[in-house]
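> Pasting in a structure now, in structure tokens, and then I'll have a few things to ask.
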Amino acid sequence: PSTTALIVAAGSGSRAGGALPKQYAMVAGKPLVAHAYAAFAGHPAVDEVVVVIAAGAEALAADALGAVRTVVGGATRRESVARGLAAVTGERVLVHDAARPFVPAAVIDRVLAALDSADAAMPVLAVADTLVRDGAVVPRDGLARVQTPQGFRVDALRAAHAGWPAGDEATDDAQMVRRLGGSVALVQGDAMLDKVTHPDDFAAAEARVTRETR
Ligand code: CTP
Ligand code: MG
């Protein structure tokens, strides 16, 4: 089946600080978003890449990525995904955060393979630290951290977004599909996929990307 990668890069990066939104900050010689773009554009199973950008960020995106397919996003990540979905032509879509610059090809392979028998698939990593809620330890079994790219049969994701109540942002795409009764497969994630959220995360991402591309 044909596959589109949808990279969401329309956020403001407020927690990361900096002069530009984090997806345009330079990491290992390239704007952050250009790393994920290259990973999907270079993967043999990906037929098309669409990048969702903020209104007014056209010049920034062109500087970072050259002539690529862009769509203007919305005020929340969910709205940005919904707007991007309208431009997707594939039968399958991989929704990915631009803020996760390093995307191992093996994770893309695992997510796509899982879609042969599920409506959605997401990479997860087991939680290593002890967790507490209000100071009381929460058992770790069954808990995992969710990463992107999350993969979908495009009809399942479109259906989830179409009926979603405006203002309900307390979930992610795979969760939306699951809430509508769709099947969501879990596949092994990768620490390389950790997100750049706070200022210190740039140095960590730089170290990961540099290690892998040297
Ligand atoms: N995103 C988006 N549209 C939005 C909000 C977020 O496309 N309205 C994207 C971001 O660009 C990012 C991804 O969703 O690639 C994950 O979001 P997050 O890490 O929260 O990024 P920001 O929202 O930009 O950062 P912050 O929450 O610190 O402002
Ligand atoms: Mg955000």
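Here, A, B, ... name the chains of the structure tokens in the order displayed, residue numbers run from 1 inside each chain, and ligands are numbered from 1 in the same displayed order.
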Grab me every residue within 7 Å of ligand 1, counting only C-alpha atoms and all ligand atoms, and send it over as a ChimeraX atom specification.
/A:8-16,21-23,52-53,73-77,79-81,97-99,195-197
> Can you build me a table of region 84-133 of chain A residues sitting at most 6 Å from region 180-185 of chain A, with the closest atom pair per residue and its distance in Å to one decimal, using only C-alpha atoms, sorted by chain and residue number, as JSON lines?

```
{"residue": "A:Ala118", "atom": "CA", "partner": "A:Ser183", "partner_atom": "CA", "distance": 5.3}
{"residue": "A:Asp119", "atom": "CA", "partner": "A:Ser183", "partner_atom": "CA", "distance": 5.2}
{"residue": "A:Ala120", "atom": "CA", "partner": "A:Val184", "partner_atom": "CA", "distance": 4.6}
{"residue": "A:Ala121", "atom": "CA", "partner": "A:Ala185", "partner_atom": "CA", "distance": 4.5}
```
> For N, CA and C atoms, I'd like the residues from the last selection saved as a short mmCIF file (atom, residue, chain, number, x, y, z; two decimals), in the first residue's frame.

```
data_model
loop_
_atom_site.label_atom_id
_atom_site.label_comp_id
_atom_site.auth_asym_id
_atom_site.auth_seq_id
_atom_site.Cartn_x
_atom_site.Cartn_y
_atom_site.Cartn_z
N ALA A 118 -3.45 -4.16 11.94
CA ALA A 118 -4.05 -3.23 12.90
C ALA A 118 -4.39 -1.93 12.19
N ASP A 119 -5.29 -1.15 12.80
CA ASP A 119 -5.67 0.15 12.23
C ASP A 119 -4.60 1.20 12.50
N ALA A 120 -3.86 0.99 13.60
CA ALA A 120 -2.86 1.97 14.01
C ALA A 120 -1.70 1.23 14.68
N ALA A 121 -0.53 1.86 14.68
CA ALA A 121 0.62 1.27 15.36
C ALA A 121 1.48 2.39 15.91
#
```
> Env of Val124 (chain A): 10 Å cut, atoms = only C-alpha atoms, seq-sep filter 4 positions within chain, self excluded. Answer as an NGL selection string.
:A and (143-148 or 150 or 186-191)
> Can you list, as a ChimeraX atom specification, every protein, DNA or RNA residue that comes within 12 Å of region 68-72 of chain A when you count only C-alpha atoms, leaving out same-chain residues fewer than 4 positions away?
/A:4-11,34,37-38,41,48-64,76-77,79-88
> For the selection you just gave me, I'd like the residues written to a file as a compact mmCIF listing (two decimals), in the first residue's frame, keeping C-alpha atoms.

```
# COMPACT_ATOMS: atom_id res chain seq x y z
CA THR A 4 2.62 9.17 3.22
CA ALA A 5 4.77 10.62 5.99
CA LEU A 6 3.06 13.59 7.67
CA ILE A 7 5.54 15.64 9.70
CA VAL A 8 3.89 18.07 12.10
CA ALA A 9 6.02 21.18 12.50
CA ALA A 10 3.48 23.91 13.18
CA GLY A 11 4.11 24.38 16.91
CA ALA A 34 15.36 18.60 8.15
CA TYR A 37 12.40 14.95 6.66
CA ALA A 38 15.53 13.23 5.33
CA ALA A 41 12.22 10.97 2.20
CA GLU A 48 5.33 11.03 -0.22
CA VAL A 49 6.27 13.46 2.59
CA VAL A 50 4.00 16.33 3.66
CA VAL A 51 5.14 18.89 6.24
CA VAL A 52 2.62 20.83 8.33
CA ILE A 53 3.93 24.32 9.11
CA ALA A 54 2.63 27.37 10.97
CA ALA A 55 0.92 30.16 9.07
CA GLY A 56 3.60 32.65 8.08
CA ALA A 57 6.43 30.10 8.36
CA GLU A 58 6.63 29.47 4.60
CA ALA A 59 10.01 31.19 4.20
CA LEU A 60 11.49 29.45 7.26
CA ALA A 61 10.31 26.09 5.95
CA ALA A 62 11.67 26.76 2.46
CA ASP A 63 15.05 27.73 3.93
CA ALA A 64 15.10 24.58 6.06
CA THR A 76 -3.22 22.63 18.40
CA ARG A 77 -1.30 19.56 17.34
CA GLU A 79 -5.74 20.51 14.33
CA SER A 80 -2.38 20.45 12.58
CA VAL A 81 -2.70 16.70 11.99
CA ALA A 82 -6.29 17.12 10.74
CA ARG A 83 -5.25 19.79 8.24
CA GLY A 84 -2.30 17.74 7.09
CA LEU A 85 -4.50 14.67 6.63
CA ALA A 86 -6.53 16.53 4.03
CA ALA A 87 -3.43 16.62 1.81
CA VAL A 88 -2.42 12.98 2.29
```
> Between CA of Arg140 (chain A) and CA of Val177 (chain A), measure the distance and give it in Å to one decimal.
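CA of Arg140 (chain A) sits 24.5 Å away from CA of Val177 (chain A).
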> By how many Å are CA of Gly66 (chain A) and CA of Leu32 (chain A) apart?
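One can read the CA of Gly66 (chain A) to CA of Leu32 (chain A) distance as 13.9 Å.
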> Hey, what's within 10 Å of Thr171 (chain A) if we count only C-alpha atoms and toss same-chain stuff fewer than 5 positions away? As a PDB file with C-alpha atoms, in the first residue's frame, please?

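Below is the file result.pdb, written as the result:
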```pdb
ATOM      1  CA  ARG A  78      -4.585  17.765  16.716  1.00  0.00           C
ATOM      2  CA  MET A 176      -8.237   8.768  19.102  1.00  0.00           C
ATOM      3  CA  ARG A 179     -11.369   5.411  21.476  1.00  0.00           C
TER       4      ARG A 179
END
```
> Can you work out which one of A:Ala39, A:Leu65, A:Ala19, A:Leu115 has the shortest atom-to-atom distance to Glu91 (chain A), counting only C-alpha atoms?
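Distance minimum relative to Glu91 (chain A) lands on A:Leu115.
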> Find the residue from A:Thr130, A:Ser2, A:Pro149, A:Arg100 that sits nearest to Pro31 (chain A); use only C-alpha atoms when measuring.
A:Arg100
